[in-house]
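*Asks:* Input structure: data-v6.cif, which contains mmCIF, C-alpha atoms and all ligand atoms.
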```cif
data_target
#
loop_
_atom_site.label_atom_id
_atom_site.label_comp_id
_atom_site.auth_asym_id
_atom_site.auth_seq_id
_atom_site.Cartn_x
_atom_site.Cartn_y
_atom_site.Cartn_z
CA MET A 1 0.00 0.00 0.00
CA ARG A 2 1.08 3.59 -0.64
CA LEU A 3 1.67 5.50 2.57
CA TYR A 4 2.57 9.17 2.70
CA ASP A 5 5.19 10.39 5.18
CA PRO A 6 4.14 14.03 5.73
CA TRP A 7 7.35 14.90 7.58
CA LYS A 8 9.67 13.79 4.75
CA ARG A 9 7.08 14.47 2.04
CA VAL A 10 7.63 11.09 0.38
CA TRP A 11 5.40 8.17 -0.62
CA LEU A 12 6.40 4.76 0.72
CA ASP A 13 5.33 1.30 -0.46
CA GLN A 14 4.55 -0.87 2.55
CA ASP A 15 2.52 -4.00 3.34
CA VAL A 16 -0.37 -3.16 5.64
CA ARG A 17 -2.50 -5.83 7.30
CA ALA A 18 -5.95 -4.40 7.81
CA PRO A 19 -9.37 -5.63 9.01
CA GLY A 20 -10.89 -5.26 5.52
CA PRO A 21 -10.11 -4.83 1.82
CA THR A 22 -7.42 -2.23 1.14
CA LYS A 23 -7.46 -2.01 -2.64
CA GLY A 24 -7.21 1.61 -3.74
CA LEU A 25 -6.57 2.94 -0.24
CA VAL A 26 -3.69 5.23 0.72
CA GLY A 27 -2.56 6.18 4.21
CA THR A 28 -0.73 8.66 6.35
CA HIS A 29 -0.36 9.74 10.00
CA PRO A 30 -3.78 10.16 11.71
CA PHE A 31 -5.07 13.73 11.68
CA VAL A 32 -4.55 16.43 14.31
CA ASP A 33 -7.26 19.04 14.94
CA LEU A 34 -6.28 22.35 16.53
CA HIS A 35 -9.88 23.42 17.00
CA THR A 36 -12.42 21.00 18.52
CA HIS A 37 -15.41 21.82 20.70
CA VAL A 38 -16.80 19.31 23.17
CA ARG A 39 -19.85 20.61 25.00
CA LEU A 40 -19.97 18.29 28.02
CA ASN A 41 -23.71 18.70 28.14
CA THR A 42 -26.35 16.81 26.20
CA ASN A 43 -24.88 17.96 22.88
CA GLU A 44 -21.57 16.14 22.93
CA ASP A 45 -19.49 14.30 25.49
CA TYR A 46 -16.00 12.88 25.15
CA ARG A 47 -17.34 9.40 24.19
CA SER A 48 -19.42 10.65 21.28
CA LEU A 49 -16.66 13.07 20.30
CA GLU A 50 -14.10 10.25 20.22
CA ARG A 51 -16.25 8.15 17.90
CA ALA A 52 -16.86 11.13 15.63
CA ALA A 53 -13.14 12.00 15.62
CA LEU A 54 -12.02 8.45 14.77
CA ALA A 55 -14.62 8.17 12.00
CA GLY A 56 -13.10 11.38 10.65
CA GLY A 57 -9.53 10.01 10.86
CA PHE A 58 -8.44 12.20 13.80
CA SER A 59 -6.28 10.93 16.65
CA THR A 60 -5.37 14.21 18.38
CA LEU A 61 -7.70 17.05 19.38
CA VAL A 62 -7.05 20.46 20.90
CA ILE A 63 -10.21 21.11 22.94
CA GLN A 64 -11.40 24.72 23.02
CA PRO A 65 -12.20 26.28 26.41
CA ASN A 66 -15.93 27.02 26.07
CA THR A 67 -17.02 23.73 27.61
CA ASN A 68 -19.32 23.09 30.54
CA PRO A 69 -17.67 23.94 32.92
CA PRO A 70 -15.36 26.28 30.94
CA LEU A 71 -11.62 25.58 30.99
CA GLN A 72 -10.79 28.49 33.24
CA ASP A 73 -9.28 26.88 36.32
CA ARG A 74 -7.55 23.81 37.67
CA ALA A 75 -10.77 22.20 38.93
CA ALA A 76 -12.32 22.29 35.44
CA LEU A 77 -9.14 20.82 33.94
CA GLU A 78 -9.20 17.95 36.46
CA THR A 79 -12.81 17.18 35.45
CA HIS A 80 -11.73 17.01 31.81
CA ARG A 81 -8.69 14.87 32.60
CA ARG A 82 -10.92 12.38 34.43
CA LEU A 83 -13.36 12.22 31.53
CA VAL A 84 -10.70 11.39 28.92
CA LYS A 85 -8.89 8.76 30.98
CA ASP A 86 -9.88 5.74 28.85
CA LEU A 87 -10.03 7.44 25.48
CA LYS A 88 -7.95 6.19 22.56
CA VAL A 89 -7.63 9.63 21.00
CA THR A 90 -5.19 12.13 22.51
CA THR A 91 -6.81 15.24 23.95
CA LEU A 92 -4.93 18.45 24.56
CA TRP A 93 -6.52 21.60 25.92
CA ALA A 94 -6.53 25.31 25.21
CA ALA A 95 -7.02 27.29 28.43
CA ASP A 96 -9.46 30.21 28.42
CA PHE A 97 -7.18 33.21 27.85
CA PHE A 98 -9.34 35.31 30.17
CA GLY A 99 -9.45 32.68 32.96
CA ASP A 100 -6.93 31.53 35.57
CA LEU A 101 -5.68 28.27 34.08
CA ASP A 102 -2.02 28.40 33.00
CA ILE A 103 -0.32 26.58 30.14
CA ASP A 104 1.13 23.33 31.49
CA PRO A 105 2.19 20.83 28.83
CA GLU A 106 2.59 18.12 31.54
CA SER A 107 -1.15 18.20 32.20
CA GLY A 108 -2.10 18.65 28.54
CA VAL A 109 -2.75 22.40 28.49
CA VAL A 110 -0.70 23.45 25.47
CA CYS A 111 -1.94 26.96 24.69
CA TYR A 112 -4.47 29.69 25.43
CA SER A 113 -7.53 30.44 23.34
CA THR A 114 -9.93 33.37 23.01
CA ASP A 115 -12.43 31.17 21.17
CA GLY A 116 -15.94 31.26 22.59
CA SER A 117 -15.30 34.40 24.67
CA TYR A 118 -16.80 37.84 24.15
CA TYR A 119 -13.84 40.18 24.70
CA THR A 120 -13.04 43.83 24.16
CA HIS A 121 -9.75 45.57 23.39
CA GLU A 122 -9.59 46.50 27.05
CA ASP A 123 -9.90 42.82 28.05
CA LEU A 124 -7.04 41.97 25.68
CA VAL A 125 -4.71 44.63 27.09
CA ARG A 126 -5.48 43.66 30.70
CA THR A 127 -4.95 39.96 30.02
CA PHE A 128 -1.78 40.32 27.93
CA LYS A 129 -0.34 42.35 30.80
CA LYS A 130 -0.89 39.73 33.47
CA ARG A 131 -0.69 36.35 31.68
CA GLU A 132 2.37 34.08 31.52
CA LYS A 133 3.69 34.19 27.92
CA GLY A 134 2.66 31.36 25.63
CA LEU A 135 0.96 30.38 22.36
CA LEU A 136 -2.39 32.14 21.91
CA LEU A 137 -5.06 30.74 19.59
CA ASP A 138 -7.17 33.72 18.61
CA HIS A 139 -10.76 33.86 17.42
CA SER A 140 -10.12 37.21 15.75
CA GLN A 141 -13.27 39.30 15.99
CA VAL A 142 -14.00 42.85 17.11
CA HIS A 143 -16.89 41.78 19.34
CA GLU A 144 -17.73 45.38 20.27
CA LEU A 145 -19.27 45.62 16.79
CA ASP A 146 -22.56 43.82 16.25
CA GLY A 147 -23.29 41.46 13.35
CA ASP A 148 -23.79 37.71 12.98
CA PHE A 149 -23.21 37.75 9.21
CA TYR A 150 -20.91 39.64 6.84
CA GLU A 151 -22.07 42.66 4.85
CA GLY A 152 -23.37 41.42 1.50
CA THR A 153 -25.31 38.50 2.95
CA ASP A 154 -29.02 38.27 2.09
CA ILE A 155 -30.07 37.22 5.61
CA PRO A 156 -32.02 40.15 7.11
CA PHE A 157 -30.10 40.30 10.36
CA SER A 158 -27.27 42.33 11.78
CA LYS A 159 -24.20 42.50 9.55
CA ARG A 160 -20.54 42.96 10.41
CA PRO A 161 -18.03 44.58 8.05
CA LEU A 162 -15.70 42.18 6.23
CA SER A 163 -12.80 44.22 7.65
CA ASN A 164 -13.78 43.16 11.19
CA GLU A 165 -11.61 40.04 11.07
CA ALA A 166 -8.45 41.72 9.70
CA ILE A 167 -8.72 44.54 12.25
CA ALA A 168 -9.07 41.97 15.03
CA VAL A 169 -6.01 40.03 13.75
CA TYR A 170 -3.87 43.17 13.92
CA ARG A 171 -5.38 44.16 17.27
CA THR A 172 -4.55 40.85 18.93
CA VAL A 173 -1.08 40.40 17.43
CA LEU A 174 0.14 44.00 17.87
CA THR A 175 -1.22 44.23 21.42
CA GLY A 176 0.29 40.86 22.34
CA LEU A 177 3.69 41.76 20.86
CA GLU A 178 3.74 44.96 22.89
CA TYR A 179 3.33 42.95 26.11
CA GLY A 180 5.92 40.31 25.24
CA PHE A 181 3.84 37.53 23.66
CA ASP A 182 5.53 36.00 20.64
CA ALA A 183 3.33 33.21 19.23
CA PHE A 184 -0.13 33.76 17.76
CA HIS A 185 -2.32 31.34 15.86
CA ILE A 186 -5.29 32.89 14.05
CA GLN A 187 -8.27 30.56 14.07
CA HIS A 188 -10.74 29.92 11.24
CA VAL A 189 -9.69 32.69 8.82
CA THR A 190 -12.50 33.66 6.44
CA THR A 191 -11.58 36.81 4.52
CA ALA A 192 -8.98 37.76 1.92
CA LEU A 193 -8.26 40.90 3.97
CA ALA A 194 -7.37 38.86 7.06
CA LEU A 195 -5.11 36.61 4.96
CA ASP A 196 -3.23 39.66 3.66
CA SER A 197 -2.87 40.90 7.25
CA ILE A 198 -1.54 37.53 8.41
CA ALA A 199 0.92 37.36 5.49
CA HIS A 200 2.19 40.80 6.53
CA LEU A 201 2.38 39.95 10.24
CA LYS A 202 4.30 36.74 9.51
CA CYS A 203 7.21 39.03 8.60
CA CYS A 204 7.47 40.46 12.10
CA ALA A 205 6.17 37.76 14.48
CA ARG A 206 5.45 34.07 14.83
CA VAL A 207 1.95 34.15 13.38
CA THR A 208 0.28 31.00 12.08
CA CYS A 209 -3.27 30.39 10.92
CA GLU A 210 -5.89 27.78 10.11
CA VAL A 211 -8.96 27.48 7.92
CA THR A 212 -12.05 25.29 8.32
CA PRO A 213 -13.56 22.85 5.79
CA HIS A 214 -16.86 24.72 5.57
CA HIS A 215 -15.25 28.06 4.73
CA LEU A 216 -13.37 26.38 1.85
CA LEU A 217 -16.63 25.04 0.37
CA LEU A 218 -19.38 27.58 1.12
CA THR A 219 -19.93 31.31 0.67
CA MET A 220 -22.51 33.80 1.96
CA GLU A 221 -24.72 32.99 -1.04
CA ASP A 222 -25.12 29.42 0.22
CA ILE A 223 -26.68 30.37 3.56
CA ASP A 224 -30.12 28.74 3.30
CA SER A 225 -30.53 27.16 6.75
CA THR A 226 -29.50 27.83 10.34
CA ASN A 227 -26.99 24.97 10.05
CA LYS A 228 -24.98 27.42 7.94
CA LYS A 229 -24.88 29.97 10.75
CA VAL A 230 -21.26 29.79 11.85
CA ASN A 231 -18.85 32.23 13.47
CA PRO A 232 -16.97 33.70 11.71
CA PRO A 233 -19.64 33.76 8.99
CA PHE A 234 -19.23 32.69 5.35
CA GLY A 235 -17.46 35.24 3.16
CA ARG A 236 -17.73 36.17 -0.51
CA LYS A 237 -16.74 33.99 -3.46
CA GLU A 238 -13.47 35.89 -3.71
CA ASP A 239 -12.75 35.20 -0.04
CA ARG A 240 -13.28 31.47 -0.54
CA GLY A 241 -10.93 31.57 -3.55
CA ALA A 242 -8.33 33.47 -1.52
CA LEU A 243 -8.53 30.87 1.28
CA ILE A 244 -7.87 28.01 -1.15
CA ARG A 245 -4.94 29.84 -2.75
CA ALA A 246 -3.54 30.66 0.71
CA VAL A 247 -3.53 26.97 1.66
CA GLU A 248 -1.75 26.13 -1.60
CA ARG A 249 0.83 28.89 -1.10
CA GLY A 250 1.57 27.98 2.51
CA ILE A 251 0.12 31.10 4.15
CA VAL A 252 -2.30 28.74 5.90
CA ASP A 253 -0.37 26.50 8.28
CA ALA A 254 -3.05 24.02 9.31
CA LEU A 255 -6.44 22.68 8.34
CA ALA A 256 -8.70 22.59 11.40
CA THR A 257 -12.35 21.60 11.90
CA ASP A 258 -13.99 24.00 14.41
CA HIS A 259 -16.24 21.00 15.11
CA ALA A 260 -19.10 22.60 17.08
CA PRO A 261 -21.94 20.18 17.81
CA HIS A 262 -25.44 21.43 18.58
CA PRO A 263 -28.81 19.67 18.62
CA GLU A 264 -31.54 20.98 16.29
CA LYS A 265 -30.94 24.68 15.65
CA GLY A 266 -34.50 25.63 14.71
CA GLU A 267 -35.38 27.93 11.83
CA ASP A 268 -34.91 31.31 13.45
CA PHE A 269 -31.59 32.76 12.24
CA SER A 270 -31.46 35.38 14.98
CA ARG A 271 -31.78 32.80 17.78
CA ALA A 272 -29.86 29.83 16.35
CA PRO A 273 -26.45 29.16 17.92
CA PHE A 274 -23.29 29.35 15.81
CA GLY A 275 -21.41 26.25 14.73
CA THR A 276 -21.30 23.14 12.59
CA SER A 277 -20.76 19.47 13.45
CA ILE A 278 -18.13 18.57 10.91
CA ILE A 279 -15.22 16.49 12.20
CA GLU A 280 -16.53 13.29 10.58
CA VAL A 281 -16.51 14.73 7.07
CA ALA A 282 -13.67 17.28 7.43
CA PHE A 283 -11.09 15.27 5.48
CA SER A 284 -13.50 14.72 2.59
CA ALA A 285 -14.48 18.39 2.58
CA TYR A 286 -10.83 19.44 2.43
CA TYR A 287 -10.02 16.95 -0.30
CA THR A 288 -13.05 18.08 -2.30
CA ALA A 289 -11.97 21.72 -2.01
CA LEU A 290 -8.22 21.27 -2.57
CA ARG A 291 -7.94 18.06 -4.70
CA ASN A 292 -4.35 17.58 -3.57
CA ILE A 293 -3.93 14.59 -1.26
CA GLU A 294 -0.35 15.37 -0.17
CA LEU A 295 -1.28 18.95 0.72
CA VAL A 296 -4.36 17.84 2.70
CA PHE A 297 -2.34 15.16 4.54
CA GLU A 298 0.44 17.62 5.44
CA LYS A 299 -1.89 20.36 6.66
CA LEU A 300 -3.84 17.87 8.80
CA THR A 301 -0.75 16.37 10.46
CA VAL A 302 2.65 18.10 10.39
CA GLY A 303 1.01 21.53 9.93
CA PRO A 304 -0.96 21.57 13.20
CA LEU A 305 1.86 19.82 15.11
CA LYS A 306 4.28 22.56 14.02
CA VAL A 307 1.86 25.22 15.29
CA LEU A 308 2.05 23.46 18.68
CA ARG A 309 5.86 23.20 18.29
CA LYS A 310 5.64 19.42 18.43
CA SER A 311 7.95 17.27 16.37
CA GLY A 312 7.19 13.75 15.25
CA ASN A 313 7.95 11.12 12.69
CA PHE A 314 6.05 8.69 10.55
CA CYS A 315 5.53 5.07 11.60
CA ASP A 316 3.00 2.55 10.33
CA GLY A 317 1.78 1.80 13.88
CA ASN A 318 -0.32 4.96 13.66
CA LEU A 319 -2.26 5.26 10.44
CA VAL A 320 -5.31 6.68 8.83
CA LEU A 321 -6.36 4.99 5.58
CA VAL A 322 -8.51 6.81 3.06
CA ASP A 323 -10.13 5.99 -0.26
CA PRO A 324 -9.41 9.05 -2.42
CA LYS A 325 -11.74 7.88 -5.21
CA ALA A 326 -14.82 7.32 -3.01
CA GLU A 327 -17.71 9.78 -3.27
CA TYR A 328 -20.64 10.16 -0.90
CA VAL A 329 -23.39 12.56 0.10
CA VAL A 330 -23.18 13.99 3.64
CA ASN A 331 -25.97 12.46 5.75
CA THR A 332 -25.92 13.78 9.30
CA SER A 333 -28.34 11.11 10.55
CA ARG A 334 -25.39 8.70 10.23
CA PHE A 335 -23.05 10.88 12.32
CA PHE A 336 -21.55 9.41 15.48
CA SER A 337 -21.43 12.93 16.92
CA LYS A 338 -24.49 13.98 18.88
CA GLY A 339 -24.43 17.18 16.84
CA LYS A 340 -26.41 16.74 13.61
CA ASN A 341 -26.02 20.40 12.64
CA CYS A 342 -23.72 20.04 9.64
CA ALA A 343 -23.41 22.93 7.20
CA LEU A 344 -22.50 20.42 4.47
CA GLU A 345 -25.63 18.23 4.85
CA GLY A 346 -26.65 16.90 1.42
CA MET A 347 -23.40 17.92 -0.26
CA LYS A 348 -21.47 15.41 -2.40
CA LEU A 349 -17.87 15.02 -1.20
CA MET A 350 -14.81 13.20 -2.53
CA GLY A 351 -12.49 10.96 -0.52
CA ARG A 352 -13.52 8.88 2.48
CA VAL A 353 -11.81 7.83 5.71
CA VAL A 354 -11.84 4.02 5.94
CA GLY A 355 -9.66 2.98 8.89
CA VAL A 356 -7.62 4.25 11.82
CA LYS A 357 -4.79 2.41 13.58
CA LEU A 358 -3.35 3.73 16.85
CA SER A 359 -0.36 2.20 18.67
CA ASP A 360 -0.42 -0.85 16.35
CA ARG A 361 -4.14 -1.63 16.95
CA TRP A 362 -6.95 -0.94 14.49
CA VAL A 363 -9.53 1.11 16.38
CA TYR A 364 -11.88 2.03 13.52
CA TRP A 365 -12.78 0.33 10.27
CA ASP A 366 -15.48 1.30 7.81
CA GLY A 367 -18.14 2.50 10.26
CA GLU A 368 -17.22 0.16 13.11
CA PHE A 369 -15.16 0.63 16.24
CA LEU A 370 -12.89 -2.33 16.85
CA SER A 371 -11.95 -3.87 20.17
CA ASP A 372 -8.49 -5.25 20.83
CA GLU A 373 -9.82 -8.80 20.34
CA ARG A 374 -11.42 -8.03 16.98
CA GLN A 375 -8.56 -7.01 14.77
CA GLY A 376 -9.82 -9.31 11.99
CA PHE A 377 -6.49 -10.08 10.39
CA GLU A 378 -7.51 -13.70 9.72
CA ASP A 379 -10.14 -12.45 7.24
CA GLN A 380 -7.31 -11.07 5.17
CA LEU A 381 -4.93 -14.01 5.32
ZN ZN A 401 -14.19 30.53 16.91
#
```
Could you show the structure in this file as structure tokens?
*Replies:*
Amino acid sequence: MRLYDPWKRVWLDQDVRAPGPTKGLVGTHPFVDLHTHVRLNTNEDYRSLERAALAGGFSTLVIQPNTNPPLQDRAALETHRRLVKDLKVTTLWAADFFGDLDIDPESGVVCYSTDGSYYTHEDLVRTFKKREKGLLLDHSQVHELDGDFYEGTDIPFSKRPLSNEAIAVYRTVLTGLEYGFDAFHIQHVTTALALDSIAHLKCCARVTCEVTPHHLLLTMEDIDSTNKKVNPPFGRKEDRGALIRAVERGIVDALATDHAPHPEKGEDFSRAPFGTSIIEVAFSAYYTALRNIELVFEKLTVGPLKVLRKSGNFCDGNLVLVDPKAEYVVNTSRFFSKGKNCALEGMKLMGRVVGVKLSDRWVYWDGEFLSDERQGFEDQL
């Protein structure tokens, strides 16, 4: 089988024993998501999240702080650590930048995040002044300005200027630099303006960024249901084109999911929560948008690990196998996630995750989760 080493950027030919047919499959290191939400209420718990993540080919998740309870202090972290004890996927955490929890790689807290918080410029200044220095994941938005959707959208609700995101990128990075912070990761970039800002800021600071699968496939013209209410909102066609080009040119460091499960969102755009349940179809969405398997593999593995300053190397004990030629229509009723609110519902995607192997054991194969006893090699021999 052809396996791709994303560190060395080479294809290898290796025998792989798997629980099912492997004809036409290719593999690489399992995926790493820098941006995962777990609600810890009825909408998603770590068990359902793990199944959704494995079905999507992910083995490592950076959990965002807006959980229940929020990741703001040691007690909340201990609750999370207890809940993930028997999981097969690796969970890392982003501490709420405005809370009291410090970065502590030993206990899995690898960075801060502003995601899920309403914050003002004043909050940023105050927090940059008092926080220990460390990597900050930033949901770049000027929250002081109203608007659930970008200007130009047909939805008759409050609009925010497209420049909001770029202004927020500069605001966070320049304020942080002034107070001694030196590593910034801009989450879910959506506008060409913000990409230009990031490209400029990369010259003077360690600034990385990510995009989401839904922003690479949809624009403001596609918003026809509350499942397409996400934050940041969908941009213009030219923004979507700029995002794709930025991934290809290397301005975008990592492909993330912003998996945000919710139950039914209802039909009222003004009341519906933001977010899309998407981790299970993220690889397919990226492959459909980019059509470059090596690029997608790299930006889902080495890319996010580099943002976290983690090294690694390829070994066939940890694998995700995909069928690049498979096509399917997104059907959220089949999701393992408790969140059925997928912005891509009904969309035809290319490329499908078939199996995941972690620490030499197959844990997922073609819709089933495998126990240690049921590796199924004999079927193959
Ligand atoms: Zn966000």
*Asks:* 9 Å from ligand ZN 401 (chain A) is the threshold here; counting only C-alpha atoms and all ligand atoms, which polymer residues fall inside it? Answer as a list in words.
*Replies:*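 Residues satisfying the distance criterion: His35, Gln64, Thr114, Asp115, Gly116, Ser117, Asp138, His139, Ser140, Gln141, Gln187, His188, Val230, Asn231, Pro232, Asp258 and Gly275 of chain A.
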*Asks:* Can I get the selected residues back with C-alpha atoms, as a PDB file, keeping the file's coordinate frame?
*Replies:*
```pdb
ATOM      1  CA  HIS A  35      -9.880  23.420  17.000  1.00  0.00           C
ATOM      2  CA  GLN A  64     -11.400  24.720  23.020  1.00  0.00           C
ATOM      3  CA  THR A 114      -9.930  33.370  23.010  1.00  0.00           C
ATOM      4  CA  ASP A 115     -12.430  31.170  21.170  1.00  0.00           C
ATOM      5  CA  GLY A 116     -15.940  31.260  22.590  1.00  0.00           C
ATOM      6  CA  SER A 117     -15.300  34.400  24.670  1.00  0.00           C
ATOM      7  CA  ASP A 138      -7.170  33.720  18.610  1.00  0.00           C
ATOM      8  CA  HIS A 139     -10.760  33.860  17.420  1.00  0.00           C
ATOM      9  CA  SER A 140     -10.120  37.210  15.750  1.00  0.00           C
ATOM     10  CA  GLN A 141     -13.270  39.300  15.990  1.00  0.00           C
ATOM     11  CA  GLN A 187      -8.270  30.560  14.070  1.00  0.00           C
ATOM     12  CA  HIS A 188     -10.740  29.920  11.240  1.00  0.00           C
ATOM     13  CA  VAL A 230     -21.260  29.790  11.850  1.00  0.00           C
ATOM     14  CA  ASN A 231     -18.850  32.230  13.470  1.00  0.00           C
ATOM     15  CA  PRO A 232     -16.970  33.700  11.710  1.00  0.00           C
ATOM     16  CA  ASP A 258     -13.990  24.000  14.410  1.00  0.00           C
ATOM     17  CA  GLY A 275     -21.410  26.250  14.730  1.00  0.00           C
TER      18      GLY A 275
END
```
*Asks:* Distance cut-off 9 Å, centre (3.8, -2.1, 0.1) in file coordinates, counting all atoms listed in the file: which residues qualify? Return them as a PyMOL selection string.
*Replies:* chain A and resi 1-3+12-16
*Asks:* Restrict the selected residues to C-alpha atoms and save them as a compact mmCIF listing (two decimals), keeping the file's coordinate frame.
*Replies:*
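Below is the file that was written, again27.txt:
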```txt
# COMPACT_ATOMS: atom_id res chain seq x y z
CA MET A 1 0.00 0.00 0.00
CA ARG A 2 1.08 3.59 -0.64
CA LEU A 3 1.67 5.50 2.57
CA LEU A 12 6.40 4.76 0.72
CA ASP A 13 5.33 1.30 -0.46
CA GLN A 14 4.55 -0.87 2.55
CA ASP A 15 2.52 -4.00 3.34
CA VAL A 16 -0.37 -3.16 5.64
```
*Asks:* Ranking A:Gly266, A:Leu177, A:Glu238, A:Ser113 by minimum distance to Leu162 in chain A and counting all atoms listed in the file, which one comes first?
*Replies:*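 Under the stated criterion, the closest residue is A:Glu238.
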*Asks:* One number please: CA of His29 in chain A to CA of Leu319 in chain A, in Å, one decimal.
*Replies:*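 Computing the Euclidean distance for CA of His29 in chain A and CA of Leu319 in chain A yields 4.9 Å.
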*Asks:* Pick the closest to Leu195 in chain A from A:Leu174, A:Ala242, A:Ile167, A:Leu349: which is it, counting all atoms listed in the file?
*Replies:*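 Going through A:Leu174, A:Ala242, A:Ile167, A:Leu349 one by one, the smallest distance to Leu195 in chain A is for A:Ala242.
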*Asks:* Dump as JSON lines the rows for residues of range 147-248 of chain A within 8 Å of range 277-300 of chain A: closest atom pair and distance in Å with one decimal, all atoms listed in the file counted, ordered by chain and rising residue number.
*Replies:*
```
{"residue": "A:Pro213", "atom": "CA", "partner": "A:Tyr286", "partner_atom": "CA", "distance": 5.5}
{"residue": "A:His214", "atom": "CA", "partner": "A:Ala285", "partner_atom": "CA", "distance": 7.4}
{"residue": "A:Leu216", "atom": "CA", "partner": "A:Ala289", "partner_atom": "CA", "distance": 6.2}
{"residue": "A:Leu217", "atom": "CA", "partner": "A:Ala289", "partner_atom": "CA", "distance": 6.2}
{"residue": "A:Ile244", "atom": "CA", "partner": "A:Leu290", "partner_atom": "CA", "distance": 6.9}
{"residue": "A:Glu248", "atom": "CA", "partner": "A:Leu295", "partner_atom": "CA", "distance": 7.6}
```
*Asks:* Please identify all polymer residues within 9 Å of Ala95 in chain A, counting all atoms listed in the file, omitting same-chain residues fewer than 2 positions from it, and present them as a PyMOL selection string.
*Replies:* chain A and resi 63-65+70-73+77+93+97-103+109-114
*Asks:* Which protein, DNA or RNA residues have an atom at most 8 Å from (-6.3, 34.5, 4.0), counting all atoms listed in the file? List them as number ranges by chain.
*Replies:* A: 189-199, 239, 242-243, 246, 251-252
*Asks:* Taking into account all atoms listed in the file, which residue in the set A:Val169, A:Leu40, A:Ile155, A:Cys209 is nearest to Asp268 in chain A?
*Replies:*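 Between A:Val169, A:Leu40, A:Ile155, A:Cys209, the residue approaching Asp268 in chain A most closely is A:Ile155.
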*Asks:* Looking at all atoms listed in the file, which of A:Asp253, A:Asp5, A:Glu151, A:Asp222 is the one that sits closest to Lys306 in chain A?
*Replies:* A:Asp253
*Asks:* May I have the residues within 7 Å of Glu44 in chain A as a PyMOL selection string, using only C-alpha atoms and disregarding those fewer than 3 positions away in the same chain?
*Replies:* chain A and resi 38-41+48-49+261+337-339
